[in-house]
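Just structure_27.cif here, mmCIF, C-alpha atoms and all ligand atoms:
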```cif
data_query
#
loop_
_atom_site.label_atom_id
_atom_site.label_comp_id
_atom_site.auth_asym_id
_atom_site.auth_seq_id
_atom_site.Cartn_x
_atom_site.Cartn_y
_atom_site.Cartn_z
CA MET A 82 -18.84 3.39 -5.80
CA ASN A 83 -19.15 6.52 -3.69
CA THR A 84 -17.94 6.82 -0.09
CA GLN A 85 -21.23 5.73 1.47
CA GLU A 86 -21.49 2.64 -0.77
CA ILE A 87 -17.89 1.61 -0.03
CA ILE A 88 -18.37 2.01 3.72
CA LYS A 89 -21.65 0.03 3.61
CA ASN A 90 -20.04 -2.86 1.69
CA GLU A 91 -16.99 -3.13 3.94
CA ASP A 92 -19.07 -2.92 7.10
CA THR A 93 -21.45 -5.59 5.79
CA PHE A 94 -18.91 -8.16 4.67
CA LEU A 95 -15.77 -7.63 6.78
CA ILE A 96 -15.59 -8.66 10.42
CA PRO A 97 -15.46 -5.54 12.61
CA THR A 98 -11.87 -5.83 13.87
CA TYR A 99 -10.83 -2.27 12.96
CA LYS A 100 -11.87 1.13 14.20
CA LYS A 101 -11.89 3.07 10.93
CA MET A 102 -11.93 6.69 9.90
CA PRO A 103 -15.09 7.32 7.84
CA VAL A 104 -12.93 7.88 4.76
CA ALA A 105 -12.89 5.72 1.59
CA LEU A 106 -9.64 6.28 -0.29
CA VAL A 107 -9.28 5.39 -3.94
CA ARG A 108 -6.04 7.05 -5.05
CA GLY A 109 -2.73 8.30 -3.71
CA GLN A 110 0.22 10.25 -5.00
CA GLY A 111 3.16 11.58 -3.00
CA CYS A 112 1.96 13.14 0.24
CA TYR A 113 -1.70 13.14 -0.83
CA VAL A 114 -4.62 10.71 -1.04
CA TRP A 115 -8.06 11.18 -2.59
CA ASP A 116 -11.38 9.75 -1.46
CA ALA A 117 -14.13 8.29 -3.64
CA ASP A 118 -15.92 11.65 -3.70
CA GLY A 119 -12.86 13.49 -5.00
CA ASN A 120 -11.74 15.08 -1.71
CA ARG A 121 -7.98 15.43 -1.27
CA TYR A 122 -6.16 14.81 2.05
CA LEU A 123 -2.59 15.54 3.11
CA ASP A 124 -1.54 12.15 4.51
CA PHE A 125 0.48 12.75 7.69
CA TYR A 126 -0.76 9.38 8.97
CA GLY A 127 1.50 7.96 6.28
CA GLY A 128 -0.79 5.04 5.39
CA HIS A 129 -0.27 3.70 8.95
CA CYS A 130 3.47 4.45 9.09
CA VAL A 131 3.99 2.54 5.83
CA THR A 132 4.35 5.07 3.01
CA ALA A 133 7.75 6.52 3.90
CA LEU A 134 8.28 7.42 0.23
CA GLY A 135 4.76 8.81 -0.11
CA HIS A 136 2.00 7.13 -2.09
CA CYS A 137 2.75 5.28 -5.33
CA PRO A 138 6.43 6.30 -5.48
CA PRO A 139 7.27 6.06 -9.20
CA HIS A 140 10.51 4.06 -8.79
CA VAL A 141 8.68 1.41 -6.72
CA VAL A 142 5.66 1.32 -9.04
CA HIS A 143 7.94 0.85 -12.03
CA ALA A 144 9.96 -1.88 -10.27
CA ILE A 145 6.92 -3.98 -9.33
CA GLN A 146 5.43 -3.51 -12.81
CA LYS A 147 8.66 -4.74 -14.38
CA GLN A 148 9.02 -7.64 -11.94
CA SER A 149 5.41 -8.72 -12.52
CA GLU A 150 6.24 -9.36 -16.17
CA GLN A 151 9.44 -11.22 -15.29
CA LEU A 152 8.50 -13.65 -12.49
CA LEU A 153 5.58 -13.02 -10.16
CA PHE A 154 6.60 -15.58 -7.61
CA TYR A 155 8.71 -18.50 -6.63
CA SER A 156 9.27 -19.67 -3.07
CA ASN A 157 12.49 -20.14 -1.13
CA VAL A 158 13.09 -23.60 -2.51
CA VAL A 159 14.91 -21.84 -5.35
CA TYR A 160 17.37 -18.96 -5.60
CA ASN A 161 16.36 -15.75 -7.36
CA ASP A 162 18.20 -12.66 -8.62
CA THR A 163 15.72 -10.10 -7.23
CA ARG A 164 15.80 -11.68 -3.76
CA ALA A 165 19.59 -11.86 -3.86
CA GLN A 166 19.82 -8.17 -4.75
CA ALA A 167 17.28 -7.10 -2.09
CA ALA A 168 19.16 -9.06 0.56
CA GLN A 169 22.51 -7.55 -0.42
CA LEU A 170 21.18 -3.98 -0.44
CA LEU A 171 19.39 -4.39 2.90
CA ALA A 172 22.47 -5.98 4.48
CA GLU A 173 24.62 -3.09 3.21
CA MET A 174 22.33 -0.43 4.67
CA ALA A 175 21.48 -2.10 8.01
CA PRO A 176 23.73 -2.61 11.05
CA LEU A 177 23.01 -6.38 10.99
CA HIS A 178 23.83 -8.38 7.90
CA ARG A 179 21.86 -11.63 7.95
CA ILE A 180 18.19 -11.63 7.00
CA PHE A 181 14.98 -13.65 7.14
CA PHE A 182 12.28 -12.23 4.86
CA CYS A 183 8.61 -12.63 5.78
CA ASN A 184 5.35 -10.86 5.07
CA SER A 185 4.47 -8.70 8.05
CA GLY A 186 5.69 -7.20 11.28
CA THR A 187 4.15 -9.79 13.55
CA GLU A 188 5.81 -12.59 11.57
CA ALA A 189 9.20 -10.92 11.98
CA ILE A 190 8.60 -10.74 15.75
CA GLU A 191 7.49 -14.40 15.90
CA THR A 192 10.68 -15.37 14.11
CA ALA A 193 12.86 -13.33 16.47
CA LEU A 194 11.21 -14.92 19.53
CA LYS A 195 11.65 -18.44 18.15
CA ILE A 196 15.30 -17.86 17.31
CA ALA A 197 16.02 -16.31 20.73
CA ARG A 198 14.37 -19.25 22.50
CA LYS A 199 16.11 -21.90 20.44
CA SER A 200 19.49 -20.20 20.72
CA THR A 201 19.38 -19.88 24.53
CA GLY A 202 17.29 -22.93 25.38
CA ARG A 203 15.23 -20.60 27.57
CA ASN A 204 11.63 -19.42 27.13
CA GLY A 205 11.32 -16.15 29.01
CA ILE A 206 10.83 -12.87 27.18
CA ILE A 207 10.99 -9.44 28.78
CA SER A 208 9.08 -6.76 26.91
CA THR A 209 7.84 -3.39 28.12
CA ALA A 210 4.66 -1.97 29.58
CA ASN A 211 2.67 -0.10 26.89
CA GLY A 212 4.66 -1.73 24.06
CA PHE A 213 3.08 -3.19 20.93
CA HIS A 214 4.53 -6.07 18.91
CA GLY A 215 1.65 -7.61 16.96
CA ARG A 216 -1.43 -9.75 17.28
CA THR A 217 -0.46 -13.34 16.47
CA LEU A 218 -0.12 -15.44 19.59
CA GLY A 219 3.66 -15.15 20.10
CA SER A 220 3.91 -11.42 19.50
CA LEU A 221 0.61 -10.83 21.33
CA ALA A 222 2.09 -12.39 24.46
CA ALA A 223 4.77 -9.67 24.36
CA THR A 224 2.24 -6.90 23.67
CA TRP A 225 1.14 -4.90 26.68
CA ASN A 226 -2.51 -3.92 26.01
CA PRO A 227 -4.43 -6.23 28.40
CA SER A 228 -7.63 -5.94 26.36
CA TYR A 229 -5.84 -7.57 23.39
CA ARG A 230 -4.08 -10.17 25.55
CA THR A 231 -6.47 -11.22 28.32
CA PRO A 232 -9.06 -13.09 26.19
CA PHE A 233 -6.25 -15.42 25.08
CA LYS A 234 -4.33 -15.70 28.34
CA GLU A 235 -4.85 -19.47 28.57
CA VAL A 236 -3.05 -20.11 25.28
CA LEU A 237 -0.34 -17.43 25.40
CA ALA A 238 3.19 -18.43 26.43
CA SER A 239 3.43 -17.93 30.17
CA ALA A 240 7.08 -16.90 30.38
CA HIS A 241 6.45 -13.24 29.50
CA TYR A 242 7.46 -10.41 31.79
CA PHE A 243 6.79 -6.70 31.42
CA ALA A 244 9.36 -4.13 32.51
CA GLU A 245 8.76 -0.41 32.83
CA PHE A 246 9.90 1.27 29.61
CA GLY A 247 12.88 3.58 30.07
CA ASN A 248 13.73 2.10 33.48
CA LEU A 249 16.87 -0.03 33.38
CA GLU A 250 16.42 -1.12 36.99
CA SER A 251 13.07 -2.64 36.11
CA VAL A 252 14.70 -4.93 33.49
CA ALA A 253 17.65 -5.68 35.80
CA SER A 254 15.40 -6.82 38.62
CA ILE A 255 13.53 -9.27 36.35
CA LEU A 256 16.85 -10.62 35.06
CA ASP A 257 18.07 -11.07 38.64
CA LYS A 258 14.95 -12.96 39.73
CA LYS A 259 14.14 -15.02 36.65
CA HIS A 260 16.70 -17.35 35.20
CA ASP A 261 14.73 -18.42 32.14
CA ILE A 262 15.10 -15.22 30.07
CA ALA A 263 15.95 -15.61 26.37
CA ALA A 264 15.49 -12.04 25.18
CA VAL A 265 14.58 -8.46 25.88
CA LEU A 266 12.24 -7.15 23.20
CA LEU A 267 11.23 -3.51 22.86
CA GLU A 268 10.17 -0.72 20.52
CA PRO A 269 12.98 1.84 20.81
CA ILE A 270 10.27 4.50 20.50
CA GLN A 271 6.92 3.24 21.77
CA SER A 272 4.66 4.44 19.01
CA ILE A 273 1.05 3.55 19.78
CA ALA A 274 1.75 4.32 23.45
CA GLY A 275 2.11 7.98 22.42
CA ILE A 276 5.62 8.28 20.90
CA VAL A 277 7.39 7.53 24.17
CA GLU A 278 11.19 7.79 24.03
CA GLY A 279 13.95 6.34 26.18
CA ALA A 280 17.31 7.99 26.88
CA SER A 281 20.42 6.81 24.99
CA ASP A 282 21.96 5.53 28.23
CA TYR A 283 18.88 3.37 28.81
CA PHE A 284 19.52 1.53 25.54
CA GLN A 285 23.27 1.36 26.18
CA GLY A 286 22.50 -0.05 29.63
CA LEU A 287 20.15 -2.63 28.11
CA ARG A 288 22.91 -3.74 25.76
CA LYS A 289 25.27 -4.23 28.72
CA LEU A 290 22.66 -6.03 30.83
CA CYS A 291 21.81 -8.39 27.97
CA ASP A 292 25.51 -9.16 27.46
CA GLN A 293 26.03 -9.79 31.18
CA HIS A 294 23.08 -12.21 31.32
CA ASP A 295 23.75 -13.78 27.91
CA VAL A 296 20.31 -12.65 26.75
CA HIS A 297 19.42 -11.42 23.25
CA LEU A 298 18.44 -7.79 22.69
CA ILE A 299 15.71 -7.42 20.06
CA PHE A 300 14.75 -4.00 18.68
CA ASP A 301 11.26 -3.90 17.18
CA GLU A 302 11.95 -1.29 14.48
CA ILE A 303 8.79 -1.98 12.54
CA GLN A 304 7.99 1.74 12.92
CA THR A 305 11.37 3.34 13.63
CA GLY A 306 13.34 1.42 10.99
CA VAL A 307 14.19 2.00 7.32
CA GLY A 308 15.40 5.53 8.00
CA ARG A 309 12.27 7.01 9.58
CA THR A 310 14.17 8.50 12.54
CA GLY A 311 17.20 9.70 10.55
CA THR A 312 19.39 6.58 10.47
CA PHE A 313 18.55 3.21 8.95
CA SER A 314 18.19 1.73 12.45
CA ILE A 315 17.63 3.97 15.43
CA SER A 316 20.20 1.83 17.29
CA GLU A 317 22.91 3.69 15.33
CA GLN A 318 21.95 6.85 17.23
CA PHE A 319 22.49 5.10 20.57
CA GLY A 320 25.86 3.63 19.51
CA ILE A 321 24.78 0.03 20.10
CA ILE A 322 23.94 -2.97 17.92
CA PRO A 323 21.03 -5.19 18.96
CA ASP A 324 21.22 -8.95 18.28
CA MET A 325 18.08 -8.80 16.19
CA ILE A 326 16.05 -6.05 14.51
CA THR A 327 12.55 -6.48 13.09
CA LEU A 328 11.41 -4.43 10.09
CA ALA A 329 8.15 -4.22 8.11
CA LYS A 330 5.89 -1.20 7.34
CA SER A 331 8.08 1.16 5.23
CA LEU A 332 10.31 -1.60 3.87
CA GLY A 333 8.15 -2.29 0.80
CA SER A 334 6.47 1.13 0.42
CA GLY A 335 3.08 -0.61 0.80
CA ILE A 336 3.81 -4.02 -0.69
CA PRO A 337 3.55 -6.45 2.27
CA VAL A 338 7.00 -7.44 3.48
CA GLY A 339 8.72 -7.98 6.80
CA ALA A 340 12.28 -8.82 7.69
CA LEU A 341 14.22 -10.07 10.67
CA LEU A 342 17.83 -8.90 10.75
CA LEU A 343 20.25 -11.00 12.79
CA SER A 344 23.84 -10.85 13.94
CA ASP A 345 26.24 -13.15 12.08
CA SER A 346 26.79 -15.28 15.19
CA LEU A 347 23.08 -15.78 15.82
CA SER A 348 22.51 -16.54 12.16
CA ASP A 349 25.19 -19.26 12.35
CA GLU A 350 23.05 -21.06 14.93
CA VAL A 351 19.97 -21.21 12.68
CA ARG A 352 19.25 -24.60 11.06
CA TYR A 353 17.10 -25.77 8.18
CA GLY A 354 13.45 -25.84 9.23
CA ASP A 355 13.81 -23.46 12.19
CA GLN A 356 11.54 -21.04 10.35
CA GLY A 357 9.88 -20.76 6.95
CA SER A 358 7.32 -18.81 4.96
CA THR A 359 5.94 -19.62 1.52
CA PHE A 360 5.54 -16.02 0.47
CA GLY A 361 8.50 -14.57 2.42
CA GLY A 362 11.09 -13.22 -0.01
CA GLY A 363 8.62 -13.31 -2.93
CA MET A 364 9.71 -11.48 -6.06
CA ILE A 365 7.18 -8.63 -6.06
CA ALA A 366 7.96 -7.81 -2.44
CA MET A 367 11.71 -8.04 -3.12
CA SER A 368 11.48 -5.71 -6.12
CA ALA A 369 9.62 -3.23 -3.89
CA VAL A 370 12.33 -3.54 -1.23
CA ILE A 371 15.10 -2.84 -3.75
CA ALA A 372 13.30 0.18 -5.18
CA THR A 373 12.43 1.52 -1.71
CA LEU A 374 16.00 1.21 -0.43
CA GLU A 375 17.47 2.66 -3.65
CA SER A 376 15.12 5.66 -3.43
CA ILE A 377 16.05 6.29 0.20
CA GLN A 378 19.77 6.01 -0.58
CA HIS A 379 19.88 7.96 -3.84
CA ASN A 380 17.71 10.82 -2.61
CA GLY A 381 19.34 11.19 0.81
CA LEU A 382 15.93 10.72 2.45
CA MET A 383 17.18 9.52 5.85
CA GLU A 384 18.95 12.86 6.30
CA GLN A 385 15.65 14.63 5.63
CA ALA A 386 13.86 13.02 8.60
CA PRO A 387 15.31 15.22 11.40
CA LYS A 388 14.83 18.34 9.26
CA ILE A 389 11.16 17.46 8.73
CA PHE A 390 10.78 16.98 12.49
CA ASP A 391 12.35 20.37 13.24
CA GLN A 392 10.23 22.19 10.66
CA ILE A 393 6.99 20.64 11.92
CA ALA A 394 7.92 21.31 15.55
CA THR A 395 8.83 24.93 14.80
CA ALA A 396 5.58 25.48 12.90
CA ILE A 397 3.24 24.20 15.62
CA GLN A 398 5.16 24.42 18.91
CA PRO A 399 3.51 27.69 19.98
CA LEU A 400 0.10 26.06 19.61
CA VAL A 401 0.62 22.88 21.66
CA ARG A 402 1.95 21.55 24.96
CA ASP A 403 4.86 19.74 23.32
CA VAL A 404 6.13 18.12 20.16
CA HIS A 405 8.22 15.00 20.74
CA GLY A 406 9.68 12.00 18.91
CA ARG A 407 12.34 11.72 16.24
CA GLY A 408 12.41 12.28 12.50
CA CYS A 409 9.14 11.28 10.90
CA LEU A 410 7.69 9.64 14.02
CA ILE A 411 6.15 12.56 15.87
CA GLY A 412 3.92 12.98 18.91
CA ILE A 413 1.98 16.19 19.55
CA ARG A 414 0.65 16.69 23.08
CA THR A 415 -2.52 18.75 23.20
CA GLU A 416 -4.90 19.88 25.94
CA THR A 417 -7.91 18.79 23.91
CA PRO A 418 -8.09 15.01 23.38
CA SER A 419 -6.93 14.00 19.90
CA SER A 420 -10.21 12.08 19.44
CA GLU A 421 -11.84 15.53 19.24
CA LEU A 422 -9.16 17.18 17.11
CA LEU A 423 -8.61 14.46 14.49
CA PRO A 424 -12.08 14.54 12.88
CA VAL A 425 -11.88 18.33 12.57
CA LEU A 426 -8.38 18.08 11.13
CA ARG A 427 -9.80 15.65 8.57
CA GLU A 428 -12.47 18.19 7.63
CA HIS A 429 -9.56 20.56 6.98
CA GLY A 430 -8.03 17.98 4.62
CA VAL A 431 -5.37 16.38 6.83
CA LEU A 432 -5.04 12.76 8.03
CA ALA A 433 -3.19 12.13 11.30
CA GLY A 434 -3.38 9.44 13.98
CA GLY A 435 -4.26 9.06 17.64
CA SER A 436 -2.46 6.98 20.27
CA ALA A 437 -3.14 5.16 23.53
CA ASP A 438 -2.49 8.48 25.26
CA PRO A 439 -5.69 10.46 24.69
CA HIS A 440 -3.73 13.71 24.54
CA VAL A 441 -1.06 12.62 22.05
CA MET A 442 -1.68 12.86 18.33
CA ARG A 443 0.72 10.94 16.09
CA LEU A 444 2.21 12.14 12.81
CA MET A 445 4.05 9.71 10.53
CA PRO A 446 4.70 11.90 7.50
CA PRO A 447 6.66 10.56 4.55
CA LEU A 448 10.39 11.26 4.21
CA ILE A 449 9.58 13.18 1.01
CA THR A 450 7.62 15.84 2.97
CA LYS A 451 8.53 19.34 1.75
CA ALA A 452 8.17 22.81 3.27
CA GLU A 453 4.90 23.40 1.39
CA HIS A 454 3.31 20.29 2.94
CA ILE A 455 4.40 21.41 6.38
CA SER A 456 2.90 24.88 5.79
CA GLU A 457 -0.33 23.24 4.65
CA PHE A 458 -0.38 21.01 7.74
CA ALA A 459 0.45 23.91 10.07
CA GLU A 460 -2.32 26.08 8.62
CA ALA A 461 -4.93 23.33 8.99
CA PHE A 462 -3.67 22.54 12.50
CA ARG A 463 -3.81 26.22 13.48
CA ASN A 464 -7.40 26.49 12.23
CA VAL A 465 -8.37 23.40 14.18
CA VAL A 466 -6.77 24.45 17.43
CA THR A 467 -8.15 27.96 17.30
CA THR A 468 -11.65 26.46 17.36
CA ALA A 469 -10.69 23.91 20.06
CA HIS A 470 -8.79 24.67 23.26
CA VAL A 471 -5.43 22.92 22.93
C1 LIG B 501 5.99 -1.59 16.66
C2 LIG B 501 5.16 -2.60 15.94
N1 LIG B 501 5.48 -3.89 16.04
C3 LIG B 501 4.78 -4.85 15.39
C4 LIG B 501 3.68 -4.52 14.60
C5 LIG B 501 2.94 -5.59 13.87
O1 LIG B 501 3.12 -5.43 12.51
P1 LIG B 501 2.06 -6.06 11.47
O2 LIG B 501 0.77 -5.31 11.63
O3 LIG B 501 2.70 -5.84 10.11
O4 LIG B 501 1.93 -7.51 11.79
C6 LIG B 501 3.30 -3.18 14.49
C7 LIG B 501 2.13 -2.80 13.71
O5 LIG B 501 1.52 -1.76 13.86
C8 LIG B 501 4.06 -2.20 15.17
O6 LIG B 501 3.76 -0.90 15.09
#
```

Output the file's structure in the form of structure tokens.
Amino acid sequence: MNTQEIIKNEDTFLIPTYKKMPVALVRGQGCYVWDADGNRYLDFYGGHCVTALGHCPPHVVHAIQKQSEQLLFYSNVVYNDTRAQAAQLLAEMAPLHRIFFCNSGTEAIETALKIARKSTGRNGIISTANGFHGRTLGSLAATWNPSYRTPFKEVLASAHYFAEFGNLESVASILDKKHDIAAVLLEPIQSIAGIVEGASDYFQGLRKLCDQHDVHLIFDEIQTGVGRTGTFSISEQFGIIPDMITLAKSLGSGIPVGALLLSDSLSDEVRYGDQGSTFGGGMIAMSAVIATLESIQHNGLMEQAPKIFDQIATAIQPLVRDVHGRGCLIGIRTETPSSELLPVLREHGVLAGGSADPHVMRLMPPLITKAEHISEFAEAFRNVVTTAHV
């Protein structure tokens, strides 16, 4: 099938829930993807913040091939060597050492909210304005975008409160007024909002506030986690440990997998039946997790993230209003809306993303990005901005 045929088929048979780029990809390798007509793109959208090791990383491909001949699947009613190894490796690399495996980001968030509510006996959740946590009903209730939430307001949990991101006082005043709060949930860098960062003392203050009010602190690290910002969890850079951390996206290099990491004490409170998932912890996903984590560890990829940020920022800073974010989660503020720049960038062979802020373009390049990819990106970007007014 060529690009037009693929687009026609998808648009005919799939319900129109996604706004798509008019690109039909059929192959990927490293930092590049190819469309059905043979055009090559440098993928700085990172397969939607998923392909932290690039496309089809050989160690992961080999691991899932090998596992598929061994045991495709068995659920959590039995023990399994691949799951045991994945759990051990993840626990060794992460700041929290107890794990629930699931299949997606939203499922990890749902699990965190359930555990926080059961543990405290309270229902209230504080999340942040402009934050995103998923689209199933529990995580949707904690997601800011009113256009996603409002049509379902009658069925969403009512005990949800939104604080201003980055403003400790805003969280404190909700905690003072409401006495039903179970958890504070936030993205430590708000990604879709436009790569919005908080100061270290904001996160340290949140930790203290949560301790004072006996409330759980949940970091949604579905984008920031697995080394993307330079440490396995961004919380390490703030010198704090949340009670729960959610992971997904990069964790399986493209094989669907999510994880909730919990503190030992919280994990001790969990009982049989509190949560479950048939496919969570399945063997193919677990083999992908092992291979992803091994690749990150053995190749020192987390340490690369801040270097990649610096090189990209240096290459394009003179052309733009600012470059912000951390590691391989990058926002570029431009005068011209990114909705105008992105299609032209694509014509120059580069995929990047937009955000809720019309003037912030998002880059989520893989941790394997090298100087030559950055030069290629910078050249395309320069060409695009010289024809637009950034
Ligand atoms: C920060 C954040 N949380 C949660 C989710 C939901 O993850 P999933 O789409 O895997 O359910 C996403 C997805 O984009 C996300 O970026």

Of the listed residues A:Arg414, A:Arg203, A:Lys101, A:His143, that which approaches Ile365 of chain A most closely, counting all atoms listed in the file: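 Closest to Ile365 of chain A, using all atoms listed in the file: A:His143.
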
Exercise answer, 8 Å around ligand LIG 501 (chain B) with all atoms listed in the file, as a PyMOL selection string: chain A and resi 129+184-188+190+212-217+220+268+271-273+301-305+329-330+337+339

Option closest in space to Arg402 of chain A, from A:Val441, A:Pro232, A:Ser208, A:Ala197 [counting only C-alpha atoms]: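 Using only C-alpha atoms, the shortest distance to Arg402 of chain A belongs to A:Val441.
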
Å distance separating atom CA of Ser331 of chain A from atom CA of Tyr160 of chain A, one decimal place: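 Computed distance, atom CA of Ser331 of chain A to atom CA of Tyr160 of chain A, equals 24.7 Å.
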
Distance in Å - atom CA of Gly275 of chain A versus atom CA of Phe182 of chain A: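 Computing the Euclidean distance for atom CA of Gly275 of chain A and atom CA of Phe182 of chain A yields 28.6 Å.
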
Counting all atoms listed in the file, the residue of A:Glu150, A:Gln285, A:Ile207, A:Thr327 that sits nearest His260 of chain A: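 Result for the nearest residue to His260 of chain A: A:Ile207.
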
Using only C-alpha atoms, determine which residues lie at most 6 Å from Ala210 of chain A, disregarding the query and same-chain residues fewer than 6 positions distant; provide the list as an mmCIF file with C-alpha atoms, in the coordinates of the input.
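Once written, part_20.cif looks like this:
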```cif
data_model
loop_
_atom_site.group_PDB
_atom_site.id
_atom_site.type_symbol
_atom_site.label_atom_id
_atom_site.label_comp_id
_atom_site.auth_asym_id
_atom_site.auth_seq_id
_atom_site.Cartn_x
_atom_site.Cartn_y
_atom_site.Cartn_z
ATOM 1 C CA TRP A 225 1.140 -4.900 26.680
ATOM 2 C CA PHE A 243 6.790 -6.700 31.420
ATOM 3 C CA ALA A 244 9.360 -4.130 32.510
ATOM 4 C CA GLU A 245 8.760 -0.410 32.830
#
```
